[in-house]
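Colleague: Following this line is my_file.txt, made up of compact mmCIF, N, CA and C atoms and all ligand atoms:
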# COMPACT_ATOMS: atom_id res chain seq x y z
N MET O 20 23.53 -14.40 -15.07
CA MET O 20 22.24 -15.03 -14.77
C MET O 20 21.13 -14.31 -15.57
N ALA O 21 20.25 -15.14 -16.16
CA ALA O 21 19.15 -14.54 -16.93
C ALA O 21 18.17 -13.84 -15.98
N ARG O 22 17.71 -12.68 -16.41
CA ARG O 22 16.76 -11.93 -15.58
C ARG O 22 15.50 -11.66 -16.38
N GLY O 23 14.38 -12.17 -15.92
CA GLY O 23 13.12 -12.03 -16.64
C GLY O 23 12.52 -10.66 -16.41
N PRO O 24 11.39 -10.40 -17.07
CA PRO O 24 10.75 -9.10 -16.95
C PRO O 24 10.33 -8.76 -15.52
N MET O 25 9.96 -9.77 -14.71
CA MET O 25 9.55 -9.50 -13.33
C MET O 25 10.65 -8.79 -12.56
N HIS O 26 11.92 -9.26 -12.84
CA HIS O 26 13.03 -8.64 -12.14
C HIS O 26 13.08 -7.13 -12.45
N GLY O 27 12.92 -6.82 -13.77
CA GLY O 27 12.95 -5.42 -14.18
C GLY O 27 11.83 -4.62 -13.54
N GLU O 28 10.63 -5.22 -13.47
CA GLU O 28 9.49 -4.51 -12.87
C GLU O 28 9.73 -4.25 -11.39
N ARG O 29 10.24 -5.27 -10.70
CA ARG O 29 10.49 -5.09 -9.26
C ARG O 29 11.54 -4.02 -9.02
N LEU O 30 12.57 -4.04 -9.89
CA LEU O 30 13.63 -3.05 -9.77
C LEU O 30 13.05 -1.65 -9.99
N ALA O 31 12.19 -1.53 -11.02
CA ALA O 31 11.57 -0.23 -11.31
C ALA O 31 10.73 0.23 -10.13
N ASP O 32 9.97 -0.73 -9.52
CA ASP O 32 9.14 -0.39 -8.37
C ASP O 32 10.00 0.13 -7.22
N ARG O 33 11.11 -0.61 -6.99
CA ARG O 33 11.97 -0.22 -5.86
C ARG O 33 12.62 1.14 -6.12
N THR O 34 13.00 1.38 -7.38
CA THR O 34 13.62 2.67 -7.71
C THR O 34 12.61 3.80 -7.49
N ALA O 35 11.36 3.57 -7.95
CA ALA O 35 10.32 4.58 -7.77
C ALA O 35 10.06 4.82 -6.30
N GLU O 36 10.03 3.73 -5.53
CA GLU O 36 9.78 3.85 -4.09
C GLU O 36 10.86 4.70 -3.43
N ARG O 37 12.11 4.45 -3.86
CA ARG O 37 13.22 5.21 -3.26
C ARG O 37 13.13 6.67 -3.65
N GLU O 38 12.75 6.95 -4.90
CA GLU O 38 12.61 8.35 -5.32
C GLU O 38 11.52 9.04 -4.51
N CYS O 39 10.42 8.33 -4.26
CA CYS O 39 9.33 8.90 -3.48
C CYS O 39 9.79 9.18 -2.05
N LEU O 40 10.58 8.27 -1.49
CA LEU O 40 11.08 8.48 -0.13
C LEU O 40 11.91 9.75 -0.02
N LEU O 41 12.55 10.13 -1.13
CA LEU O 41 13.40 11.32 -1.11
C LEU O 41 12.66 12.56 -1.61
N CYS O 42 11.38 12.41 -1.92
CA CYS O 42 10.62 13.52 -2.51
C CYS O 42 9.49 13.99 -1.59
N GLY O 43 8.46 13.17 -1.44
CA GLY O 43 7.36 13.49 -0.53
C GLY O 43 6.43 14.61 -0.98
N SER O 44 6.66 15.18 -2.15
CA SER O 44 5.92 16.38 -2.56
C SER O 44 4.40 16.20 -2.56
N CYS O 45 3.93 15.03 -3.01
CA CYS O 45 2.47 14.86 -3.13
C CYS O 45 1.80 14.71 -1.77
N CYS O 46 2.56 14.61 -0.71
CA CYS O 46 1.98 14.49 0.64
C CYS O 46 1.85 15.85 1.31
N PHE O 47 2.26 16.91 0.61
CA PHE O 47 2.18 18.27 1.15
C PHE O 47 1.09 19.05 0.44
N SER O 48 0.36 19.87 1.17
CA SER O 48 -0.61 20.78 0.58
C SER O 48 -1.16 21.70 1.66
N SER O 49 -1.55 22.90 1.26
CA SER O 49 -2.19 23.80 2.23
C SER O 49 -3.70 23.57 2.25
N SER O 50 -4.18 22.67 1.40
CA SER O 50 -5.62 22.41 1.32
C SER O 50 -6.03 21.24 2.21
N ASP O 51 -7.12 21.42 2.96
CA ASP O 51 -7.63 20.33 3.80
C ASP O 51 -8.35 19.25 2.98
N THR O 52 -8.57 19.55 1.69
CA THR O 52 -9.24 18.57 0.83
C THR O 52 -8.26 18.06 -0.24
N HIS O 53 -7.00 17.99 0.11
CA HIS O 53 -5.95 17.59 -0.85
C HIS O 53 -6.16 16.15 -1.33
N ILE O 54 -6.47 15.25 -0.40
CA ILE O 54 -6.57 13.84 -0.79
C ILE O 54 -7.88 13.24 -0.30
N ARG O 55 -8.71 12.94 -1.27
CA ARG O 55 -10.02 12.33 -0.98
C ARG O 55 -9.83 10.88 -0.54
N VAL O 56 -10.60 10.49 0.45
CA VAL O 56 -10.55 9.12 0.98
C VAL O 56 -11.91 8.47 0.74
N LEU O 57 -11.89 7.32 0.12
CA LEU O 57 -13.14 6.61 -0.18
C LEU O 57 -13.53 5.73 1.00
N GLU O 58 -14.75 5.23 0.96
CA GLU O 58 -15.20 4.34 2.04
C GLU O 58 -14.32 3.08 2.07
N SER O 59 -13.93 2.59 0.89
CA SER O 59 -13.06 1.40 0.83
C SER O 59 -11.70 1.70 1.46
N ASP O 60 -11.22 2.94 1.32
CA ASP O 60 -9.95 3.32 1.96
C ASP O 60 -10.10 3.31 3.48
N ARG O 61 -11.24 3.83 3.95
CA ARG O 61 -11.47 3.88 5.40
C ARG O 61 -11.58 2.46 5.96
N GLU O 62 -12.17 1.58 5.18
CA GLU O 62 -12.27 0.18 5.64
C GLU O 62 -10.88 -0.44 5.74
N ARG O 63 -10.02 -0.16 4.74
CA ARG O 63 -8.64 -0.68 4.79
C ARG O 63 -7.88 -0.08 5.97
N LEU O 64 -8.12 1.19 6.24
CA LEU O 64 -7.43 1.83 7.36
C LEU O 64 -7.92 1.32 8.72
N ALA O 65 -9.17 0.85 8.75
CA ALA O 65 -9.77 0.26 9.97
C ALA O 65 -9.58 1.18 11.17
N GLU O 66 -8.87 0.70 12.21
CA GLU O 66 -8.77 1.48 13.45
C GLU O 66 -7.96 2.77 13.26
N LEU O 67 -7.26 2.90 12.13
CA LEU O 67 -6.47 4.12 11.88
C LEU O 67 -7.30 5.20 11.18
N ALA O 68 -8.50 4.84 10.72
CA ALA O 68 -9.29 5.76 9.90
C ALA O 68 -9.61 7.06 10.64
N ASP O 69 -9.99 6.97 11.90
CA ASP O 69 -10.37 8.19 12.62
C ASP O 69 -9.17 9.07 12.90
N ARG O 70 -8.00 8.45 13.07
CA ARG O 70 -6.79 9.24 13.34
C ARG O 70 -6.31 9.99 12.09
N PHE O 71 -6.42 9.35 10.92
CA PHE O 71 -5.78 9.92 9.73
C PHE O 71 -6.75 10.49 8.69
N THR O 72 -8.04 10.42 8.95
CA THR O 72 -8.98 11.01 7.99
C THR O 72 -9.98 11.89 8.74
N ARG O 73 -10.57 12.81 8.00
CA ARG O 73 -11.65 13.61 8.59
C ARG O 73 -12.72 13.89 7.55
N ARG O 74 -13.91 14.07 8.08
CA ARG O 74 -15.04 14.35 7.20
C ARG O 74 -15.14 15.86 6.98
N ILE O 75 -15.26 16.26 5.74
CA ILE O 75 -15.51 17.66 5.42
C ILE O 75 -16.67 17.67 4.43
N GLY O 76 -17.79 18.22 4.84
CA GLY O 76 -18.99 18.18 3.99
C GLY O 76 -19.43 16.75 3.80
N GLU O 77 -19.58 16.37 2.55
CA GLU O 77 -20.11 15.04 2.23
C GLU O 77 -19.04 13.95 2.16
N HIS O 78 -17.76 14.35 2.20
CA HIS O 78 -16.69 13.39 1.91
C HIS O 78 -15.65 13.32 3.04
N HIS O 79 -14.83 12.26 2.96
CA HIS O 79 -13.69 12.14 3.86
C HIS O 79 -12.41 12.48 3.10
N TYR O 80 -11.45 13.02 3.85
CA TYR O 80 -10.15 13.37 3.29
C TYR O 80 -9.07 12.97 4.28
N LEU O 81 -7.83 12.81 3.77
CA LEU O 81 -6.73 12.58 4.69
C LEU O 81 -6.57 13.83 5.56
N SER O 82 -6.34 13.64 6.84
CA SER O 82 -6.12 14.79 7.74
C SER O 82 -4.80 15.44 7.41
N MET O 83 -4.82 16.76 7.32
CA MET O 83 -3.60 17.52 7.06
C MET O 83 -3.17 18.21 8.35
N GLU O 84 -1.89 18.13 8.66
CA GLU O 84 -1.35 18.82 9.84
C GLU O 84 -0.08 19.55 9.42
N HIS O 85 0.01 20.82 9.75
CA HIS O 85 1.20 21.62 9.40
C HIS O 85 1.50 21.55 7.90
N GLY O 86 0.45 21.59 7.08
CA GLY O 86 0.65 21.64 5.64
C GLY O 86 1.06 20.33 5.00
N ARG O 87 0.90 19.23 5.75
CA ARG O 87 1.21 17.93 5.14
C ARG O 87 0.29 16.86 5.71
N CYS O 88 0.23 15.74 5.01
CA CYS O 88 -0.60 14.64 5.46
C CYS O 88 -0.17 14.21 6.87
N ALA O 89 -1.14 13.98 7.73
CA ALA O 89 -0.83 13.61 9.11
C ALA O 89 -0.09 12.27 9.20
N ALA O 90 -0.16 11.49 8.14
CA ALA O 90 0.52 10.18 8.15
C ALA O 90 1.96 10.26 7.65
N LEU O 91 2.39 11.44 7.24
CA LEU O 91 3.75 11.57 6.71
C LEU O 91 4.73 11.88 7.84
N SER O 92 5.82 11.13 7.88
CA SER O 92 6.88 11.42 8.83
C SER O 92 8.09 11.95 8.07
N VAL O 93 8.50 13.17 8.42
CA VAL O 93 9.71 13.74 7.80
C VAL O 93 10.88 13.35 8.70
N GLU O 94 11.82 12.61 8.14
CA GLU O 94 12.92 12.06 8.93
C GLU O 94 14.17 12.93 8.80
N PRO O 95 14.95 13.05 9.87
CA PRO O 95 16.15 13.89 9.82
C PRO O 95 17.16 13.44 8.76
N ASP O 96 17.10 12.17 8.34
CA ASP O 96 18.03 11.71 7.31
C ASP O 96 17.57 12.08 5.90
N GLY O 97 16.48 12.86 5.80
CA GLY O 97 16.04 13.36 4.50
C GLY O 97 14.96 12.52 3.84
N ARG O 98 14.46 11.51 4.54
CA ARG O 98 13.41 10.69 3.93
C ARG O 98 12.03 11.20 4.33
N PHE O 99 11.08 11.02 3.42
CA PHE O 99 9.67 11.35 3.67
C PHE O 99 8.93 10.02 3.72
N VAL O 100 8.59 9.59 4.92
CA VAL O 100 8.08 8.23 5.11
C VAL O 100 6.56 8.24 5.34
N CYS O 101 5.86 7.45 4.52
CA CYS O 101 4.42 7.27 4.75
C CYS O 101 4.26 6.22 5.84
N THR O 102 3.71 6.62 6.98
CA THR O 102 3.61 5.70 8.12
C THR O 102 2.44 4.73 7.99
N ILE O 103 1.62 4.93 6.94
CA ILE O 103 0.51 3.99 6.71
C ILE O 103 0.63 3.39 5.31
N TYR O 104 1.86 3.22 4.86
CA TYR O 104 2.14 2.84 3.46
C TYR O 104 1.28 1.67 2.98
N GLU O 105 1.22 0.59 3.77
CA GLU O 105 0.48 -0.60 3.33
C GLU O 105 -1.02 -0.34 3.26
N LYS O 106 -1.48 0.68 3.99
CA LYS O 106 -2.93 0.94 4.05
C LYS O 106 -3.30 2.28 3.43
N ARG O 107 -2.37 2.90 2.71
CA ARG O 107 -2.63 4.24 2.17
C ARG O 107 -3.80 4.21 1.18
N PRO O 108 -4.47 5.36 1.04
CA PRO O 108 -5.65 5.42 0.16
C PRO O 108 -5.32 5.16 -1.30
N ALA O 109 -6.36 4.83 -2.06
CA ALA O 109 -6.20 4.51 -3.48
C ALA O 109 -5.54 5.64 -4.25
N VAL O 110 -5.90 6.86 -3.94
CA VAL O 110 -5.35 7.98 -4.72
C VAL O 110 -3.82 8.06 -4.57
N CYS O 111 -3.32 7.70 -3.40
CA CYS O 111 -1.86 7.69 -3.19
C CYS O 111 -1.22 6.53 -3.97
N ARG O 112 -1.90 5.40 -3.99
CA ARG O 112 -1.38 4.23 -4.72
C ARG O 112 -1.34 4.48 -6.22
N GLU O 113 -2.33 5.26 -6.69
CA GLU O 113 -2.49 5.42 -8.14
C GLU O 113 -1.59 6.51 -8.73
N LEU O 114 -1.02 7.34 -7.89
CA LEU O 114 -0.16 8.40 -8.40
C LEU O 114 1.19 7.82 -8.83
N GLU O 115 1.42 7.77 -10.11
CA GLU O 115 2.64 7.13 -10.62
C GLU O 115 3.81 8.11 -10.63
N PRO O 116 4.92 7.70 -10.02
CA PRO O 116 6.11 8.54 -10.07
C PRO O 116 6.47 8.87 -11.52
N ALA O 117 6.86 10.10 -11.75
CA ALA O 117 7.27 10.61 -13.07
C ALA O 117 6.09 10.82 -14.03
N SER O 118 4.86 10.60 -13.56
CA SER O 118 3.69 10.90 -14.40
C SER O 118 3.49 12.42 -14.41
N ALA O 119 2.59 12.88 -15.26
CA ALA O 119 2.31 14.32 -15.33
C ALA O 119 1.79 14.82 -13.98
N ALA O 120 0.92 14.02 -13.33
CA ALA O 120 0.36 14.43 -12.05
C ALA O 120 1.46 14.53 -10.98
N CYS O 121 2.38 13.58 -11.02
CA CYS O 121 3.51 13.59 -10.08
C CYS O 121 4.35 14.85 -10.29
N LEU O 122 4.68 15.14 -11.55
CA LEU O 122 5.52 16.30 -11.83
C LEU O 122 4.82 17.59 -11.42
N ASN O 123 3.50 17.59 -11.55
CA ASN O 123 2.73 18.75 -11.11
C ASN O 123 2.83 18.93 -9.59
N GLU O 124 2.75 17.81 -8.86
CA GLU O 124 2.88 17.87 -7.39
C GLU O 124 4.27 18.39 -7.01
N ILE O 125 5.29 17.93 -7.74
CA ILE O 125 6.66 18.37 -7.45
C ILE O 125 6.77 19.88 -7.69
N ASP O 126 6.21 20.34 -8.81
CA ASP O 126 6.25 21.79 -9.11
C ASP O 126 5.58 22.58 -7.99
N GLU O 127 4.45 22.08 -7.52
CA GLU O 127 3.66 22.84 -6.55
C GLU O 127 4.19 22.74 -5.13
N ASN O 128 4.71 21.57 -4.76
CA ASN O 128 4.95 21.32 -3.33
C ASN O 128 6.36 20.98 -2.91
N ARG O 129 7.26 20.80 -3.87
CA ARG O 129 8.62 20.36 -3.51
C ARG O 129 9.31 21.39 -2.60
N ALA O 130 9.12 22.69 -2.91
CA ALA O 130 9.78 23.72 -2.11
C ALA O 130 9.32 23.65 -0.66
N VAL O 131 8.03 23.39 -0.44
CA VAL O 131 7.50 23.31 0.93
C VAL O 131 8.06 22.08 1.63
N ALA O 132 8.19 20.98 0.88
CA ALA O 132 8.75 19.75 1.47
C ALA O 132 10.19 19.98 1.92
N ILE O 133 10.96 20.68 1.09
CA ILE O 133 12.36 20.96 1.45
C ILE O 133 12.43 21.87 2.67
N LEU O 134 11.53 22.87 2.72
CA LEU O 134 11.49 23.76 3.89
C LEU O 134 11.20 22.98 5.17
N ALA O 135 10.26 22.03 5.08
CA ALA O 135 9.90 21.22 6.26
C ALA O 135 11.11 20.41 6.73
N LEU O 136 11.85 19.87 5.78
CA LEU O 136 13.04 19.09 6.11
C LEU O 136 14.11 19.99 6.73
N GLU O 137 14.32 21.15 6.12
CA GLU O 137 15.34 22.08 6.64
C GLU O 137 15.00 22.53 8.05
N SER O 138 13.72 22.78 8.28
CA SER O 138 13.34 23.25 9.62
C SER O 138 13.54 22.14 10.66
N LEU O 139 13.29 20.89 10.25
CA LEU O 139 13.51 19.75 11.16
C LEU O 139 15.00 19.62 11.50
N VAL O 140 15.84 19.74 10.47
CA VAL O 140 17.29 19.58 10.67
C VAL O 140 17.81 20.73 11.55
N ARG O 141 17.29 21.96 11.33
CA ARG O 141 17.72 23.12 12.14
C ARG O 141 17.39 22.91 13.61
N ARG O 142 16.18 22.32 13.85
CA ARG O 142 15.77 22.10 15.26
C ARG O 142 16.62 21.02 15.92
N GLY O 143 17.26 20.20 15.05
CA GLY O 143 18.14 19.14 15.56
C GLY O 143 17.33 18.06 16.18
S1 LIG O 201 5.42 13.68 -6.12
FE1 LIG O 201 5.92 11.89 -7.40
S2 LIG O 201 8.08 11.33 -6.90
FE2 LIG O 201 7.28 12.72 -5.30
S3 LIG O 201 6.56 11.33 -3.66
FE3 LIG O 201 4.80 11.82 -4.98
S4 LIG O 201 4.71 10.20 -6.54
FE4 LIG O 201 6.74 10.09 -5.57
S1 LIG O 202 -1.18 8.48 3.04
FE1 LIG O 202 1.02 8.30 2.80
S2 LIG O 202 1.39 8.53 0.58
FE2 LIG O 202 -0.69 9.31 1.00
S3 LIG O 202 -0.43 11.54 1.32
FE3 LIG O 202 -0.32 10.52 3.33
S4 LIG O 202 1.86 10.18 3.72
FE4 LIG O 202 1.60 10.59 1.52
Spell out the structure here as structure tokens.
Ligand code: SF4
Ligand code: SF4
Modeller:
Amino acid sequence: MARGPMHGERLADRTAERECLLCGSCCFSSSDTHIRVLESDRERLAELADRFTRRIGEHHYLSMEHGRCAALSVEPDGRFVCTIYEKRPAVCRELEPASAACLNEIDENRAVAILALESLVRRG
């Protein structure tokens, strides 16, 4: 069966999505200002905005809990699931898997992500 370019793009998207589910590095940080949230992001988040963002100084940021975004769920099966995926902020949408920024996040935060997963599995 002939497969047009859309098929390839969708496949690439799904592959990237799966890689992100097994990585989660960019959702981890020790900084409370790791991910800036714009007013348009807060509008998209609507009733979730107060739960998952906080104001620091002049700006809003994603709330961080235990060194990771409060919206991230670390699953015992090894997946890092964004619980607000459809409503996630622009900066999360714009980070392209395998880009330089992505690889930088992996360098900086992958070890912490693995530790979080290991600690979850140890607790059973
Ligand atoms: S660091 Fe890169 S591969 Fe990992 S979850 Fe973020 S965008 Fe995906
Ligand atoms: S909103 Fe989702 S993708 Fe963005 S940092 Fe939080 S868990 Fe990760």
Colleague: Considering only N, CA and C atoms and all ligand atoms, tabulate each residue of chain O that lies at most 6.5 Å from ligand LIG 201 (chain O) along with its nearest interatomic pair and the corresponding distance in Å to one decimal; arrange the rows by chain and ascending residue number and present them as a tab-separated table.
Modeller:
residue	atom	partner	partner_atom	distance
O:Ala35	C	O:LIG201	FE4	6.3
O:Glu38	C	O:LIG201	S2	4.8
O:Cys39	CA	O:LIG201	FE4	3.5
O:Leu40	N	O:LIG201	S3	5.5
O:Cys42	CA	O:LIG201	FE2	4.4
O:Gly43	N	O:LIG201	S3	3.5
O:Ser44	N	O:LIG201	FE2	4.0
O:Cys45	N	O:LIG201	S1	3.7
O:Cys46	N	O:LIG201	FE3	5.6
O:Leu114	C	O:LIG201	S4	4.8
O:Glu115	C	O:LIG201	S4	4.7
O:Pro116	CA	O:LIG201	S4	4.1
O:Ala117	N	O:LIG201	FE1	4.8
O:Ser118	N	O:LIG201	FE1	6.4
O:Ala120	C	O:LIG201	FE1	6.3
O:Cys121	CA	O:LIG201	FE1	4.0
O:Leu122	N	O:LIG201	FE1	5.4
O:Glu124	C	O:LIG201	S1	4.9
O:Ile125	N	O:LIG201	S1	4.6
Colleague: Could you list the protein, DNA and RNA residues that have any atom within 6 Å of ligand LIG 202 (chain O), counting all atoms listed in the file, and write them as a PyMOL selection string?
Modeller: chain O and resi 45-46+88-92+100-104+107-108+111
Colleague: Among the residues of chain O, find those DSSP assigns to strand (DSSP E) from the backbone and print them as a list in words.
Modeller: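 Checking each residue of chain O, the strand (DSSP E) ones are Arg55, Val56, Thr72, Arg73, Arg74, Ile75, His78, His79, Tyr80, Leu81, Met83, Glu84, Arg87, Cys88, Leu91, Ser92, Val93, Phe99, Val100 and Cys101 of chain O.
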Colleague: Taking the backbone alone, and naming residues the way the document does, which bits of stretch 31-121 of chain O are alpha helix (DSSP H) by DSSP, as a ChimeraX atom specification?
Modeller: /O:31-40,58-64,68-71,109-113,119-121
Colleague: Please compute the atom N of O:Ser59-atom C of O:Thr72 distance, one decimal, in Å.
Modeller: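 Computing the Euclidean distance for atom N of O:Ser59 and atom C of O:Thr72 yields 12.8 Å.
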Colleague: Between O:Thr52, O:Leu81, O:Ile75, O:Pro95, which is the closest to O:Gly143 once you count only N, CA and C atoms?
Modeller: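 With only N, CA and C atoms as the atom set, the closest residue is O:Pro95.
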Colleague: Could you state the separation of atom N of O:Ala68 and atom CA of O:Glu36 in Å, given to one decimal place?
Modeller: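 Atom CA of O:Glu36 lies 23.5 Å from atom N of O:Ala68.
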Colleague: Using only C-alpha atoms, which of the listed residues (O:Ile54, O:Ala135, O:Ala130, O:Lys106) sits closest to O:Val93?
Modeller: O:Ala135
Colleague: Of the candidates O:Ala109, O:Ala31, O:Val140, O:Leu57, which one gets nearest to O:Glu94 if we count only N, CA and C atoms?
Modeller: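 Answer, going by the shortest atom-to-atom distance: O:Val140.
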Colleague: So, counting only C-alpha atoms, which residue among O:His53, O:Arg29, O:Arg63, O:Arg37 is closest to O:His78?
Modeller: O:His53
Colleague: Could you tell me how far atom C of O:Ser48 sits from atom CA of O:Glu66, in Å to one decimal place?
Modeller: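 These two atoms are separated by 24.6 Å.
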Colleague: Given the choices O:Glu137, O:Leu64, O:Phe71, O:Ser50, which gets closest to O:Arg98 if the distance is worked out from only C-alpha atoms?
Modeller: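 Of O:Glu137, O:Leu64, O:Phe71, O:Ser50, the one nearest O:Arg98, counting only C-alpha atoms, is O:Glu137.
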Colleague: Determine the nearest neighbour of O:Ser49 from the options O:Glu105, O:Glu113, O:Glu84, O:Asp126, counting only C-alpha atoms.
Modeller: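 The shortest atom-to-atom distance to O:Ser49 comes from O:Glu84.
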